[in-house]
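S.K.: What follows is the file model35.txt, containing compact mmCIF, C-alpha atoms and all ligand atoms:
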# COMPACT_ATOMS: atom_id res chain seq x y z
CA MET A 1 8.06 23.12 28.14
CA ARG A 2 11.40 21.29 27.74
CA VAL A 3 11.38 18.91 24.79
CA CYS A 4 14.09 16.84 23.16
CA ILE A 5 14.11 14.44 20.25
CA ILE A 6 16.31 11.37 19.92
CA TYR A 7 16.58 10.15 16.35
CA VAL A 8 18.02 7.60 13.95
CA SER A 9 18.22 8.46 10.25
CA PHE A 10 20.71 6.51 8.18
CA HIS A 11 19.03 5.74 4.82
CA HIS A 12 18.63 9.14 3.14
CA GLY A 13 18.46 11.52 6.11
CA ASN A 14 14.67 11.73 5.66
CA THR A 15 13.89 11.62 9.36
CA LYS A 16 16.72 14.05 10.14
CA LYS A 17 15.16 16.51 7.66
CA LEU A 18 11.97 16.53 9.75
CA VAL A 19 13.85 16.72 13.04
CA ASP A 20 15.99 19.61 11.79
CA ALA A 21 12.92 21.55 10.65
CA ILE A 22 11.23 21.02 14.01
CA THR A 23 14.23 21.91 16.14
CA THR A 24 14.82 25.08 14.09
CA ARG A 25 11.20 26.16 14.49
CA TYR A 26 10.62 25.17 18.13
CA GLY A 27 14.11 25.35 19.67
CA PHE A 28 13.94 21.77 20.95
CA ASP A 29 17.12 19.85 21.72
CA ALA A 30 17.87 16.97 19.35
CA PHE A 31 20.40 14.17 19.64
CA GLU A 32 21.34 11.38 17.29
CA LEU A 33 20.94 8.09 19.11
CA LYS A 34 24.71 7.56 19.23
CA GLU A 35 25.11 10.85 21.17
CA ALA A 36 22.15 10.26 23.48
CA GLU A 37 23.67 8.15 26.25
CA HIS A 38 24.63 11.20 28.32
CA VAL A 39 21.23 12.92 28.11
CA ASP A 40 19.38 13.36 31.40
CA PHE A 41 15.80 12.64 30.34
CA THR A 42 14.39 13.54 33.74
CA THR A 43 15.03 17.22 32.90
CA TYR A 44 12.62 17.07 29.93
CA ASP A 45 8.83 17.26 30.06
CA VAL A 46 8.55 15.44 26.74
CA VAL A 47 11.04 13.17 24.94
CA GLY A 48 10.26 12.48 21.28
CA PHE A 49 11.71 9.58 19.31
CA ALA A 50 12.14 9.72 15.54
CA SER A 51 13.27 7.05 13.11
CA GLY A 52 12.90 5.66 9.65
CA ILE A 53 10.86 2.48 9.41
CA TYR A 54 13.18 -0.47 8.86
CA TYR A 55 11.61 -3.91 8.37
CA ALA A 56 8.21 -2.57 9.51
CA LYS A 57 9.56 -1.24 12.84
CA MET A 58 11.40 1.72 14.31
CA ASN A 59 15.17 1.24 14.38
CA ILE A 60 15.92 -1.64 16.75
CA GLN A 61 18.79 0.14 18.56
CA LEU A 62 16.37 3.00 19.20
CA THR A 63 13.67 0.73 20.64
CA ASP A 64 16.31 -1.01 22.80
CA PHE A 65 17.37 2.43 24.04
CA ILE A 66 13.78 3.45 24.82
CA ALA A 67 13.19 0.21 26.72
CA THR A 68 16.37 0.79 28.76
CA HIS A 69 15.47 4.40 29.63
CA HIS A 70 11.70 4.02 29.97
CA HIS A 71 11.63 4.84 33.69
CA GLU A 72 13.23 8.29 33.03
CA ILE A 73 10.63 9.37 30.46
CA LYS A 74 7.31 10.94 31.48
CA ASN A 75 5.72 11.79 28.15
CA SER A 76 6.73 10.96 24.63
CA PHE A 77 5.83 11.17 20.97
CA ALA A 78 7.01 9.22 17.96
CA MET A 79 7.80 10.42 14.45
CA VAL A 80 8.55 8.02 11.61
CA THR A 81 9.27 8.24 7.91
CA CYS A 82 8.62 5.21 5.72
CA GLY A 83 8.64 4.14 2.10
CA MET A 84 5.00 3.04 2.28
CA LYS A 85 2.59 3.91 5.10
CA ARG A 86 1.07 0.83 6.70
CA ARG A 87 -1.30 0.56 9.65
CA LYS A 88 0.87 -2.07 11.36
CA GLN A 89 3.74 0.42 11.69
CA LYS A 90 1.61 2.65 13.95
CA GLN A 91 0.28 -0.39 15.77
CA PHE A 92 3.82 -1.55 16.49
CA ILE A 93 4.68 1.85 17.97
CA THR A 94 1.51 2.03 20.07
CA ASP A 95 2.06 -1.49 21.44
CA PHE A 96 5.74 -0.88 22.09
CA PHE A 97 5.25 2.32 24.10
CA LYS A 98 2.45 0.67 26.05
CA LEU A 99 4.77 -2.22 26.91
CA CYS A 100 7.39 0.30 28.08
CA GLU A 101 4.73 2.09 30.16
CA ILE A 102 5.54 5.44 28.53
CA ASN A 103 2.70 7.91 27.97
CA LEU A 104 2.58 8.29 24.17
CA LEU A 105 1.11 11.68 23.21
CA GLY A 106 0.95 10.98 19.48
CA ILE A 107 2.49 9.39 16.41
CA TYR A 108 3.42 11.26 13.25
CA THR A 109 4.12 9.35 10.05
CA CYS A 110 5.02 10.46 6.56
CA ARG A 111 6.66 8.94 3.54
CA GLY A 112 10.40 9.21 2.95
CA PHE A 113 12.56 8.58 -0.12
CA ASP A 114 13.21 4.84 -0.20
CA THR A 115 15.74 3.05 -2.38
CA TYR A 116 16.09 -0.03 -0.21
CA GLY A 117 16.71 -3.35 -2.00
CA PRO A 118 15.18 -3.71 -5.46
CA LEU A 119 13.60 -0.25 -5.23
CA LYS A 120 16.95 1.23 -6.26
CA TYR A 121 16.51 -0.29 -9.73
CA ILE A 122 13.42 1.84 -10.32
CA GLY A 123 14.94 5.01 -8.86
CA GLY A 124 13.24 4.56 -5.50
CA ILE A 125 9.79 5.53 -4.24
CA ALA A 126 8.47 8.60 -2.39
CA ARG A 127 11.30 10.46 -4.08
CA LYS A 128 10.52 14.01 -2.93
CA HIS A 129 9.49 13.14 0.63
CA PRO A 130 9.49 14.50 3.23
CA ASN A 131 8.33 17.58 1.30
CA ALA A 132 7.06 20.99 2.40
CA SER A 133 3.58 19.63 3.03
CA ASP A 134 4.96 16.79 5.19
CA ILE A 135 6.95 19.33 7.20
CA GLN A 136 3.92 21.57 7.66
CA GLN A 137 1.94 18.56 8.91
CA ALA A 138 4.80 17.77 11.29
CA TYR A 139 4.53 21.33 12.67
CA ASN A 140 0.78 20.84 13.12
CA PHE A 141 1.51 17.57 14.92
CA ILE A 142 3.99 19.28 17.28
CA ASP A 143 1.50 22.10 17.96
CA THR A 144 -1.02 19.45 19.02
CA ILE A 145 1.55 17.75 21.26
CA LEU A 146 2.43 21.06 22.92
CA SER A 147 -1.24 21.86 23.57
CA LYS A 148 -1.79 18.60 25.51
C1 LIG A 201 17.03 -1.54 5.73
C2 LIG A 201 15.76 -0.80 5.35
C3 LIG A 201 14.52 -1.38 5.60
C4 LIG A 201 13.34 -0.68 5.29
N1 LIG A 201 12.14 -1.25 5.58
C5 LIG A 201 11.00 -0.56 5.32
C6 LIG A 201 9.74 -1.12 5.66
O1 LIG A 201 9.60 -2.21 6.20
N2 LIG A 201 8.62 -0.40 5.35
C7 LIG A 201 8.70 0.84 4.74
O2 LIG A 201 7.67 1.46 4.50
N3 LIG A 201 9.89 1.39 4.43
C8 LIG A 201 11.04 0.73 4.71
N4 LIG A 201 12.25 1.30 4.42
C9 LIG A 201 12.28 2.67 3.86
C10 LIG A 201 12.52 3.72 4.97
O3 LIG A 201 11.56 3.59 6.00
C11 LIG A 201 12.41 5.15 4.42
O4 LIG A 201 13.26 5.34 3.34
C12 LIG A 201 12.73 6.14 5.54
O5 LIG A 201 12.32 7.43 5.18
C13 LIG A 201 14.21 6.14 5.86
O6 LIG A 201 14.47 7.13 6.82
P1 LIG A 201 15.93 7.75 7.00
O7 LIG A 201 16.37 8.35 5.68
O8 LIG A 201 15.72 8.78 8.06
O9 LIG A 201 16.81 6.63 7.47
C14 LIG A 201 13.42 0.62 4.70
C15 LIG A 201 14.69 1.16 4.43
C16 LIG A 201 15.84 0.50 4.76
C17 LIG A 201 17.19 1.11 4.47
Output the structure of this file as structure tokens.
M.R.:
Amino acid sequence: MRVCIIYVSFHHGNTKKLVDAITTRYGFDAFELKEAEHVDFTTYDVVGFASGIYYAKMNIQLTDFIATHHHEIKNSFAMVTCGMKRRKQKQFITDFFKLCEINLLGIYTCRGFDTYGPLKYIGGIARKHPNASDIQQAYNFIDTILSK
């Protein structure tokens, strides 16, 4: 199965850490969003999108990109890292992919080191995340995606 992941990770590289672990283990292709314009998505069975959560949503340039390319994507999954897990983050992703008419195979979320805004004055939150357990759960998530 041909899989690629398009990602945005600018705060602490938390999302990139997950993407790197997955691409090393599974041999998937991965592209930062800024390198993704040339990718031919029609050659992939599954296109995953990964991002930090910024203002309760996936990165806006990434969602714009997904909306633009929606007709080239058959199946997808989403992976996000966030300072604090909230139900509305998953709901946003579910609603967004539905609106884009992309088959969403699953959503993975975990916490990621967050020093945004006033959090920097307390040394941040979720300091050690994503950790080994988060990465193992990401592998389990990918195994489930591949079995679908
Ligand atoms: C501008 C900005 C806004 C953020 N907004 C949220 C938010 O609404 N909810 C949340 O849980 N975390 C928020 N965070 C924390 C990030 O989601 C978290 O640190 C994430 O792991 C960053 O991923 P990255 O290092 O791959 O960019 C925000 C971080 C930044 C820099």
S.K.: Calculated over all atoms listed in the file, which of the candidates A:Asp143, A:Asp40, A:Glu35, A:Asp114 has the smallest distance to ligand LIG 201 (chain A)?
M.R.: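 Nearest to ligand LIG 201 (chain A): A:Asp114.
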S.K.: At a cut-off of 9 Å from (9.1, 16.9, 11.5) in the coordinates of the file, what residues are picked up using all atoms listed in the file, written as a list in words?
M.R.: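 Within the cut-off we find Thr15, Lys16, Lys17, Leu18, Val19, Asp20, Ala21, Ile22, Thr23, Ala50, Met79, Val80, Tyr108, Pro130, Asp134, Ile135, Gln136, Gln137, Ala138, Tyr139, Phe141 and Ile142 of chain A.
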S.K.: Go ahead and compute the interatomic distance for atom CA of A:Thr109 and atom CA of A:Glu72, in Å to one decimal.
M.R.: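 So the two atoms, atom CA of A:Thr109 and atom CA of A:Glu72, lie 24.7 Å apart.
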S.K.: Which residues come within 12 Å of A:Phe96, counting all atoms listed in the file, excluding same-chain residues fewer than 2 positions away, as a ChimeraX atom specification?
M.R.: /A:57-58,60,62-64,66-67,70,78,88-94,98-104
S.K.: Enumerate, in order of chain and increasing residue number, the residues of chain A with an atom no farther than 8 Å from ligand LIG 201 (chain A), each with its shortest atom pair and distance in Å to one decimal, counting all atoms listed in the file, as JSON lines.
M.R.:
{"residue": "A:Val8", "atom": "CA", "partner": "A:LIG201", "partner_atom": "O8", "distance": 6.4}
{"residue": "A:Ser9", "atom": "CA", "partner": "A:LIG201", "partner_atom": "O8", "distance": 3.3}
{"residue": "A:Phe10", "atom": "CA", "partner": "A:LIG201", "partner_atom": "O9", "distance": 4.0}
{"residue": "A:His11", "atom": "CA", "partner": "A:LIG201", "partner_atom": "O9", "distance": 3.6}
{"residue": "A:His12", "atom": "CA", "partner": "A:LIG201", "partner_atom": "O7", "distance": 3.5}
{"residue": "A:Gly13", "atom": "CA", "partner": "A:LIG201", "partner_atom": "O7", "distance": 3.8}
{"residue": "A:Asn14", "atom": "CA", "partner": "A:LIG201", "partner_atom": "O7", "distance": 3.8}
{"residue": "A:Thr15", "atom": "CA", "partner": "A:LIG201", "partner_atom": "O8", "distance": 3.6}
{"residue": "A:Lys16", "atom": "CA", "partner": "A:LIG201", "partner_atom": "O8", "distance": 5.8}
{"residue": "A:Lys17", "atom": "CA", "partner": "A:LIG201", "partner_atom": "O8", "distance": 7.8}
{"residue": "A:Ser51", "atom": "CA", "partner": "A:LIG201", "partner_atom": "O8", "distance": 5.9}
{"residue": "A:Gly52", "atom": "CA", "partner": "A:LIG201", "partner_atom": "O6", "distance": 3.6}
{"residue": "A:Ile53", "atom": "CA", "partner": "A:LIG201", "partner_atom": "O3", "distance": 3.7}
{"residue": "A:Tyr54", "atom": "CA", "partner": "A:LIG201", "partner_atom": "N1", "distance": 3.5}
{"residue": "A:Tyr55", "atom": "CA", "partner": "A:LIG201", "partner_atom": "O1", "distance": 3.4}
{"residue": "A:Ala56", "atom": "CA", "partner": "A:LIG201", "partner_atom": "O1", "distance": 3.6}
{"residue": "A:Lys57", "atom": "CA", "partner": "A:LIG201", "partner_atom": "O1", "distance": 6.7}
{"residue": "A:Val80", "atom": "CA", "partner": "A:LIG201", "partner_atom": "O5", "distance": 7.5}
{"residue": "A:Thr81", "atom": "CA", "partner": "A:LIG201", "partner_atom": "O5", "distance": 4.2}
{"residue": "A:Cys82", "atom": "CA", "partner": "A:LIG201", "partner_atom": "O3", "distance": 3.4}
{"residue": "A:Gly83", "atom": "CA", "partner": "A:LIG201", "partner_atom": "O2", "distance": 3.7}
{"residue": "A:Met84", "atom": "CA", "partner": "A:LIG201", "partner_atom": "O2", "distance": 3.8}
{"residue": "A:Lys85", "atom": "CA", "partner": "A:LIG201", "partner_atom": "O2", "distance": 5.7}
{"residue": "A:Arg86", "atom": "CA", "partner": "A:LIG201", "partner_atom": "O2", "distance": 7.0}
{"residue": "A:Arg111", "atom": "CA", "partner": "A:LIG201", "partner_atom": "O5", "distance": 6.1}
{"residue": "A:Gly112", "atom": "CA", "partner": "A:LIG201", "partner_atom": "O5", "distance": 3.4}
{"residue": "A:Phe113", "atom": "CA", "partner": "A:LIG201", "partner_atom": "O4", "distance": 4.8}
{"residue": "A:Asp114", "atom": "CA", "partner": "A:LIG201", "partner_atom": "O4", "distance": 3.6}
{"residue": "A:Thr115", "atom": "CA", "partner": "A:LIG201", "partner_atom": "O4", "distance": 6.6}
{"residue": "A:Tyr116", "atom": "CA", "partner": "A:LIG201", "partner_atom": "C17", "distance": 4.9}
{"residue": "A:Gly117", "atom": "CA", "partner": "A:LIG201", "partner_atom": "C16", "distance": 7.8}
{"residue": "A:His129", "atom": "CA", "partner": "A:LIG201", "partner_atom": "O5", "distance": 7.8}
{"residue": "A:Pro130", "atom": "CA", "partner": "A:LIG201", "partner_atom": "O5", "distance": 7.9}
S.K.: Record the distance separating atom CA of A:His38 and atom CA of A:Lys148, expressed in Å with one decimal.
M.R.: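 About the pair atom CA of A:His38 and atom CA of A:Lys148: they are 27.6 Å apart.
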S.K.: Counting only C-alpha atoms, what is within 8 Å of A:Tyr44, bar same-chain residues fewer than 6 positions away, as a list of chain:residue names?
M.R.: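 Once the adjacent positions are removed, what remains is A:Met1, A:Arg2, A:Val3, A:Cys4, A:Ile73.
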S.K.: How would the residues just chosen look if you wrote them out with C-alpha atoms as an mmCIF file, in the coordinates of the input?
M.R.:
data_model
loop_
_atom_site.group_PDB
_atom_site.id
_atom_site.type_symbol
_atom_site.label_atom_id
_atom_site.label_comp_id
_atom_site.auth_asym_id
_atom_site.auth_seq_id
_atom_site.Cartn_x
_atom_site.Cartn_y
_atom_site.Cartn_z
ATOM 1 C CA MET A 1 8.060 23.120 28.140
ATOM 2 C CA ARG A 2 11.400 21.290 27.740
ATOM 3 C CA VAL A 3 11.380 18.910 24.790
ATOM 4 C CA CYS A 4 14.090 16.840 23.160
ATOM 5 C CA ILE A 73 10.630 9.370 30.460
#
S.K.: Enter the distance from atom CA of A:Lys74 to atom CA of A:Arg87, in Å, rounded to one decimal.
M.R.: 25.7 Å
S.K.: Between A:Tyr121, A:Phe77, A:Phe65, A:Phe97, which is the closest to A:Phe49 once you count all atoms listed in the file?
M.R.: A:Phe77
S.K.: Restricting the calculation to only C-alpha atoms: of A:Ile107, A:Asn59, A:His69, A:Asn75, which residue gets closest to A:Val39?
M.R.: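 Distance minimum relative to A:Val39 lands on A:His69.
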S.K.: A:His71, A:Lys120, A:Arg25, A:Arg127: which is nearest A:Thr42, counting only C-alpha atoms?
M.R.: A:His71
S.K.: Which one of A:Glu37, A:Cys110, A:Glu32, A:Ile145 sits closest to A:Lys128 if you count all atoms listed in the file?
M.R.: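 Nearest candidate to A:Lys128 out of A:Glu37, A:Cys110, A:Glu32, A:Ile145: A:Cys110.
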S.K.: Report, as JSON, the centre and edge lengths in Å (one decimal) of the axis-aligned box enclosing every listed atom of stretch 40-57 of chain A, padded by 5 Å on each side.
M.R.:
{"center_x": 13.8, "center_y": 6.7, "center_z": 21.1, "size_x": 21.2, "size_y": 31.2, "size_z": 35.4}
S.K.: Identify which of the residues A:Tyr26, A:Lys34, A:Val46, A:Ala126 lies closest to A:Asn140, counting all atoms listed in the file when measuring atom-to-atom distances.
M.R.: A:Tyr26
